[in-house]
Amino acid sequence: MHRVQNGGQVPLEPGDVVAFSGINAPIEDGGLPVILVSEITSENSTAIAGVVYGRFDIKAVSESADQVNSLADLDFIQEGPVLPGEYLLIVVQGLAQVKVSALAGSIQTGDLLSSTSQVGYAGRAPEMMFGDVLAPMPGTVLGKALEPLDKGESLIFAFITIQ
């Protein structure tokens with residue numbers, strides 16, 4: 001997971017597919033810039049950053065850092081939506097729950113996922129012919145579905161492997 005900041009205009013929720021939207025000043029002197037993300041708004045986007053895990057309480061980490069032995073001792077995930085300007089954690093590799101839509105076609109276990117035209121959602125990645133090979137458009141794959149979805153929208157488990 002990575003700590004990022006909601007750089008969009010709308011709140012983000014766990015399972016939302018997000019896109020890179022820029023960088024912000026470092027939190028600490030000499031630190032790295034903070035990555036900004038927002039809800040993904042285009043189909044098969046190459047700007048996929050990851051999937052929202054939850055709101056990140058940066059104050060709990062910075063105020064408690066000297067008093068704990070490991071991050072497992074911290075309660076740094078907060079309930080509720082991530083408002084614009086707030087910090088969050090995104091899953092960039094590994095197991096995550098993802099908002100998916102089967103409006104453009106059912107999703108089967110093992111299907112590759114990419115962003116859809118539905119804001120914040122993933123769907124089955126469309127395939128294109130590259131010479132004699134049928135494959136998804138390079139740079140648009142979010143991960144693989146671990147559960148099927150025949151119709152509608154749902155939150156399903158997926159293995160995130162941004163490509």
# chains A, B, ... in the order shown; residues from 1 in each chain; ligands from 1

call {"tool": "residues_around", "arguments": {"residues": "Asp16 in chain A", "least_positions_apart": "2", "cutoff": "10 Å", "atoms": "only C-alpha atoms", "output": "list in words"}}
result
Leu12, Glu13, Pro14, Val18, Ala19, Ser38, Glu39, Ile40, Gly50, Val51, Val52, Tyr53, Gly54, Ile90, Gln97, Val98, Lys99, Val100, Val119, Gly120, Tyr121, Ala122 and Leu155 of chain A

call {"tool": "select_by_dssp", "arguments": {"residues": "chain A", "states": "alpha helix (DSSP H)", "output": "PyMOL selection string"}}
result
chain A and resi 58-64

call {"tool": "select_by_dssp", "arguments": {"residues": "chain A", "states": "strand (DSSP E)", "output": "ChimeraX atom specification"}}
result
/A:2-6,17-24,34-39,48-56,77-78,87-91,93-101,112-115,122-124,127-130,133-136,143-145,153-161

call {"tool": "residues_around", "arguments": {"residues": "Ile160 in chain A", "least_positions_apart": "3", "cutoff": "12 Å", "atoms": "only C-alpha atoms", "output": "PyMOL selection string"}}
result
chain A and resi 1+15+17+48-53+90-98+110-114+122+141-146+156-157+163
